[in-house]
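What follows is the content of work.txt (compact mmCIF, C-alpha atoms and all ligand atoms).
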```txt
# COMPACT_ATOMS: atom_id res chain seq x y z
CA MET F 1 86.50 -53.49 33.09
CA LYS F 2 89.79 -54.56 31.57
CA CYS F 3 92.84 -52.43 32.29
CA PRO F 4 94.22 -51.02 29.01
CA ASN F 5 97.72 -51.47 30.35
CA CYS F 6 97.95 -54.92 31.92
CA SER F 7 94.54 -56.41 31.04
CA CYS F 8 93.81 -57.02 34.67
CA LEU F 9 90.07 -57.29 35.21
CA ASP F 10 90.02 -55.74 38.64
CA SER F 11 89.81 -52.00 39.08
CA LYS F 12 88.45 -49.62 41.63
CA VAL F 13 86.27 -46.62 40.89
CA ILE F 14 87.83 -43.39 42.08
CA ASP F 15 85.30 -40.96 40.66
CA SER F 16 81.96 -41.21 38.90
CA ARG F 17 79.63 -38.63 37.55
CA LEU F 18 76.53 -38.43 35.42
CA SER F 19 76.98 -37.23 31.85
CA GLU F 20 75.32 -34.04 30.62
CA ASP F 21 72.37 -35.84 29.06
CA GLY F 22 71.96 -38.03 32.12
CA ARG F 23 72.17 -41.18 30.02
CA SER F 24 75.60 -42.43 30.95
CA ILE F 25 77.96 -42.52 33.87
CA ARG F 26 81.55 -41.52 33.42
CA ARG F 27 83.80 -43.47 35.76
CA ARG F 28 87.40 -42.82 36.56
CA ARG F 29 89.01 -46.12 37.47
CA GLU F 30 92.31 -47.30 38.79
CA CYS F 31 93.73 -50.71 38.04
CA THR F 32 94.35 -52.64 41.24
CA GLU F 33 97.28 -54.41 39.58
CA CYS F 34 99.36 -51.68 37.92
CA ALA F 35 97.63 -48.54 39.26
CA ARG F 36 97.03 -47.27 35.72
CA ARG F 37 94.08 -44.85 35.61
CA PHE F 38 91.48 -44.95 32.86
CA THR F 39 87.99 -43.70 32.14
CA THR F 40 84.94 -45.73 31.24
CA TYR F 41 81.54 -44.65 30.06
CA GLU F 42 78.68 -46.83 31.13
CA SER F 43 75.21 -46.35 29.84
CA MET F 44 72.50 -46.32 32.42
CA GLU F 45 70.65 -49.55 32.83
CA SER F 46 67.39 -47.77 33.37
CA PRO F 47 65.21 -47.37 30.28
CA PRO F 48 63.97 -43.90 29.31
CA ILE F 49 61.32 -42.35 31.49
CA TYR F 50 58.06 -41.37 29.90
CA ILE F 51 55.87 -38.50 30.93
CA VAL F 52 52.18 -39.22 30.67
CA LYS F 53 50.11 -36.14 30.06
CA LYS F 54 46.59 -35.62 31.22
CA SER F 55 45.39 -36.46 27.71
CA GLY F 56 47.12 -39.84 28.02
CA VAL F 57 49.79 -38.89 25.50
CA ARG F 58 53.21 -40.31 26.34
CA GLU F 59 56.36 -38.34 25.80
CA GLU F 60 59.95 -39.21 26.59
CA PHE F 61 61.29 -37.18 29.48
CA ASN F 62 63.65 -34.51 28.27
CA THR F 63 65.84 -32.64 30.74
CA LEU F 64 66.43 -29.75 28.36
CA LYS F 65 62.73 -29.25 27.87
CA LEU F 66 62.19 -29.17 31.60
CA LYS F 67 64.99 -26.65 32.03
CA ASN F 68 63.62 -24.45 29.25
CA GLY F 69 60.21 -24.43 30.89
CA ILE F 70 61.72 -23.31 34.18
CA LEU F 71 63.97 -20.76 32.45
CA LYS F 72 60.94 -19.28 30.78
CA ALA F 73 59.13 -18.90 34.10
CA CYS F 74 62.24 -17.22 35.52
CA GLU F 75 62.71 -14.82 32.61
CA LYS F 76 63.85 -11.37 33.73
CA ARG F 77 63.75 -12.49 37.33
CA PRO F 78 66.69 -12.40 39.74
CA VAL F 79 67.12 -16.17 39.59
CA SER F 80 70.57 -17.58 38.97
CA ILE F 81 71.24 -20.34 36.46
CA PRO F 82 72.84 -22.53 39.15
CA ALA F 83 69.62 -22.27 41.16
CA ILE F 84 67.66 -23.43 38.11
CA ASP F 85 70.15 -26.22 37.42
CA ASP F 86 69.84 -27.34 41.02
CA LEU F 87 66.10 -27.63 40.69
CA VAL F 88 66.38 -29.47 37.35
CA ASN F 89 68.90 -31.91 38.83
CA LYS F 90 66.75 -32.49 41.86
CA ILE F 91 63.75 -33.34 39.70
CA GLU F 92 65.83 -35.53 37.40
CA ARG F 93 67.21 -37.47 40.35
CA ALA F 94 63.74 -37.96 41.77
CA LEU F 95 62.60 -39.36 38.42
CA CYS F 96 65.61 -41.65 38.09
CA ASN F 97 65.10 -42.93 41.62
CA SER F 98 61.47 -43.64 40.97
CA LEU F 99 60.78 -47.21 40.04
CA ASP F 100 58.09 -46.20 37.61
CA GLN F 101 58.95 -45.87 33.97
CA GLU F 102 55.91 -43.71 33.42
CA ILE F 103 55.47 -40.54 35.41
CA SER F 104 52.47 -38.26 35.26
CA SER F 105 53.04 -34.70 34.08
CA GLN F 106 51.31 -33.62 37.27
CA PHE F 107 54.02 -35.24 39.39
CA ILE F 108 56.72 -33.24 37.62
CA GLY F 109 54.63 -30.07 37.61
CA ASP F 110 54.14 -30.36 41.35
CA MET F 111 57.87 -30.73 41.88
CA VAL F 112 58.61 -27.67 39.74
CA MET F 113 55.94 -25.69 41.59
CA SER F 114 57.27 -26.52 45.03
CA GLY F 115 60.82 -25.81 43.85
CA LEU F 116 59.96 -22.43 42.32
CA LYS F 117 57.93 -21.47 45.37
CA ASN F 118 61.18 -21.39 47.33
CA ILE F 119 63.12 -19.60 44.59
CA ASP F 120 60.98 -16.80 43.19
CA ASP F 121 57.35 -15.77 43.70
CA VAL F 122 56.81 -14.42 40.20
CA ALA F 123 58.37 -17.47 38.55
CA TYR F 124 56.13 -19.62 40.71
CA VAL F 125 52.96 -17.82 39.64
CA ARG F 126 54.05 -17.77 35.99
CA PHE F 127 54.80 -21.45 35.92
CA SER F 128 51.58 -22.34 37.65
CA ALA F 129 49.64 -20.29 35.09
CA VAL F 130 51.04 -22.51 32.34
CA TYR F 131 50.78 -25.61 34.43
CA LYS F 132 47.10 -25.13 35.30
CA GLU F 133 46.24 -26.53 31.88
CA PHE F 134 47.32 -29.90 33.17
CA ARG F 135 45.02 -29.90 36.12
CA ASP F 136 41.60 -28.61 36.90
CA VAL F 137 41.20 -24.88 37.08
CA GLU F 138 39.43 -24.90 40.42
CA THR F 139 42.34 -26.51 42.21
CA TRP F 140 44.62 -23.98 40.60
CA PHE F 141 42.55 -21.03 41.78
CA ALA F 142 42.39 -22.45 45.28
CA GLU F 143 46.17 -22.80 45.34
CA MET F 144 46.72 -19.29 44.03
CA GLU F 145 44.34 -17.91 46.62
CA ASP F 146 46.18 -19.70 49.39
CA PHE F 147 49.47 -18.45 48.03
CA LEU F 148 48.36 -14.83 47.78
CA GLN F 149 46.71 -15.03 51.18
CA GLY F 150 49.95 -16.30 52.63
CA LYS F 151 51.86 -13.44 51.03
CA LYS F 152 49.44 -10.89 52.46
CA GLU F 153 49.77 -12.32 55.92
CA ASN F 154 53.53 -12.29 55.71
CA ASN F 155 53.55 -8.64 54.73
CA VAL F 156 51.42 -7.47 57.66
ZN ZN E 1 96.58 -52.64 35.03
```
Re-express the file's structure as structure tokens.
Ligand SMILES: [Zn+2]
Amino acid sequence: MKCPNCSCLDSKVIDSRLSEDGRSIRRRRECTECARRFTTYESMESPPIYIVKKSGVREEFNTLKLKNGILKACEKRPVSIPAIDDLVNKIERALCNSLDQEISSQFIGDMVMSGLKNIDDVAYVRFSAVYKEFRDVETWFAEMEDFLQGKKENNV
């Protein structure tokens, strides 16, 4: 990165953060020569991540879509937006850290389920009701039974 002031090629990164869409990294740099500070935007080297549905259909991973799905499950529930954003970020990071460019929809669904389980019971059940389409119904029923059983035991 060339300093806009003295053209020195050496700079140190003083701050970096992921852009909103998760596709680029904004870096605040400081020239080691003249101490001038400047910002660079670097696109991520990693190619887009694809979600492979049960049907085999491939779809580019979309953070907004994931967030909307979670928001929908949390509708009219006492769940804060930061809590939802936290979960979305956590999932996004897990996907970016994965070396696979193709991720099964079940992998993401499982992450959302385990995240919602800790956030809100109703949101968890709602999401799993939608999500069950992606897996076999029997597994879903077994999980719901376990979940409800656990709730009952906790209430005694
Ligand atoms: Zn400089």
Counting all atoms listed in the file, the option among F:Asp15, F:Glu20, F:Glu92, F:Asp10 closest to F:Cys34 |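 Among the listed residues, F:Asp10 lies closest to F:Cys34.
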Could you tell me how far atom CA of F:Lys53 lies from atom CA of F:Gln106, in Å and to one decimal?
->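 Separation of atom CA of F:Lys53 and atom CA of F:Gln106: 7.7 Å.
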Using all atoms listed in the file, which protein or nucleic acid residues come within 9 Å of F:Ser16? Drop anything in the same chain fewer than 2 positions from it, and give the result as a PDB file with C-alpha atoms, keeping the file's coordinate frame.
```
ATOM      1  CA  VAL F  13      86.270 -46.620  40.890  1.00  0.00           C
ATOM      2  CA  ILE F  14      87.830 -43.390  42.080  1.00  0.00           C
ATOM      3  CA  LEU F  18      76.530 -38.430  35.420  1.00  0.00           C
ATOM      4  CA  ILE F  25      77.960 -42.520  33.870  1.00  0.00           C
ATOM      5  CA  ARG F  26      81.550 -41.520  33.420  1.00  0.00           C
ATOM      6  CA  ARG F  27      83.800 -43.470  35.760  1.00  0.00           C
ATOM      7  CA  ARG F  28      87.400 -42.820  36.560  1.00  0.00           C
ATOM      8  CA  ARG F  29      89.010 -46.120  37.470  1.00  0.00           C
TER       9      ARG F  29
END
```
Report the centre and edge lengths, in Å to one decimal, of an axis-aligned box enclosing every atom of stretch 48-51 of chain F listed in the file, padded by 8 Å on each side, as lines of an AutoDock Vina configuration file.
```
center_x = 59.9
center_y = -41.2
center_z = 30.4
size_x = 24.1
size_y = 21.4
size_z = 18.2
```
Using atom CA of F:Cys3 and atom CA of F:Arg23 as the two end points, give the distance in Å to one decimal.
->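 If I compute the distance from atom CA of F:Cys3 to atom CA of F:Arg23, I get 23.6 Å.
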Who sits within 12 Å of F:Thr63, all atoms listed in the file, same chain under 2 positions skipped, as a ChimeraX atom specification | /F:20-23,48-51,60-61,65-70,84-85,87-93,95-96,108
List all protein, DNA and RNA residues that have any atom at most 10 Å from ligand ZN 1 (chain E), counting all atoms listed in the file, and write the list as a PyMOL selection string.
-> chain F and resi 2-11+30-38
Restricted to C-alpha atoms, what would the selected residues look like written as a PDB file, in the frame of the given file?
```
ATOM      1  CA  LYS F   2      89.790 -54.560  31.570  1.00  0.00           C
ATOM      2  CA  CYS F   3      92.840 -52.430  32.290  1.00  0.00           C
ATOM      3  CA  PRO F   4      94.220 -51.020  29.010  1.00  0.00           C
ATOM      4  CA  ASN F   5      97.720 -51.470  30.350  1.00  0.00           C
ATOM      5  CA  CYS F   6      97.950 -54.920  31.920  1.00  0.00           C
ATOM      6  CA  SER F   7      94.540 -56.410  31.040  1.00  0.00           C
ATOM      7  CA  CYS F   8      93.810 -57.020  34.670  1.00  0.00           C
ATOM      8  CA  LEU F   9      90.070 -57.290  35.210  1.00  0.00           C
ATOM      9  CA  ASP F  10      90.020 -55.740  38.640  1.00  0.00           C
ATOM     10  CA  SER F  11      89.810 -52.000  39.080  1.00  0.00           C
ATOM     11  CA  GLU F  30      92.310 -47.300  38.790  1.00  0.00           C
ATOM     12  CA  CYS F  31      93.730 -50.710  38.040  1.00  0.00           C
ATOM     13  CA  THR F  32      94.350 -52.640  41.240  1.00  0.00           C
ATOM     14  CA  GLU F  33      97.280 -54.410  39.580  1.00  0.00           C
ATOM     15  CA  CYS F  34      99.360 -51.680  37.920  1.00  0.00           C
ATOM     16  CA  ALA F  35      97.630 -48.540  39.260  1.00  0.00           C
ATOM     17  CA  ARG F  36      97.030 -47.270  35.720  1.00  0.00           C
ATOM     18  CA  ARG F  37      94.080 -44.850  35.610  1.00  0.00           C
ATOM     19  CA  PHE F  38      91.480 -44.950  32.860  1.00  0.00           C
TER      20      PHE F  38
END
```
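For the pair atom CA of F:Ser19 and atom CA of F:Ile81, the interatomic distance is 18.4 Å.
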Looking at F:Ala94, F:Leu99, F:Met144, F:Val79, which one is nearest to F:Asn118, with distances taken over all atoms listed in the file?
->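 Among the listed residues, F:Val79 lies closest to F:Asn118.
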Could you check which of F:Ser24, F:Ser104, F:Asn97, F:Thr40 is closest to F:Arg58, using all atoms listed in the file?
-> F:Ser104
Between F:Arg17, F:Lys151, F:Phe107, F:Cys74, which is the closest to F:Tyr124 once you count all atoms listed in the file?
-> F:Cys74
Between F:Asp110, F:Glu102, F:Glu75, F:Asp146, which is the closest to F:Gly56 once you count all atoms listed in the file?
-> F:Glu102
The residue from F:Arg126, F:Ser55, F:Leu64, F:Val112 with the smallest atom-to-atom distance to F:Lys76, counting all atoms listed in the file, is F:Arg126
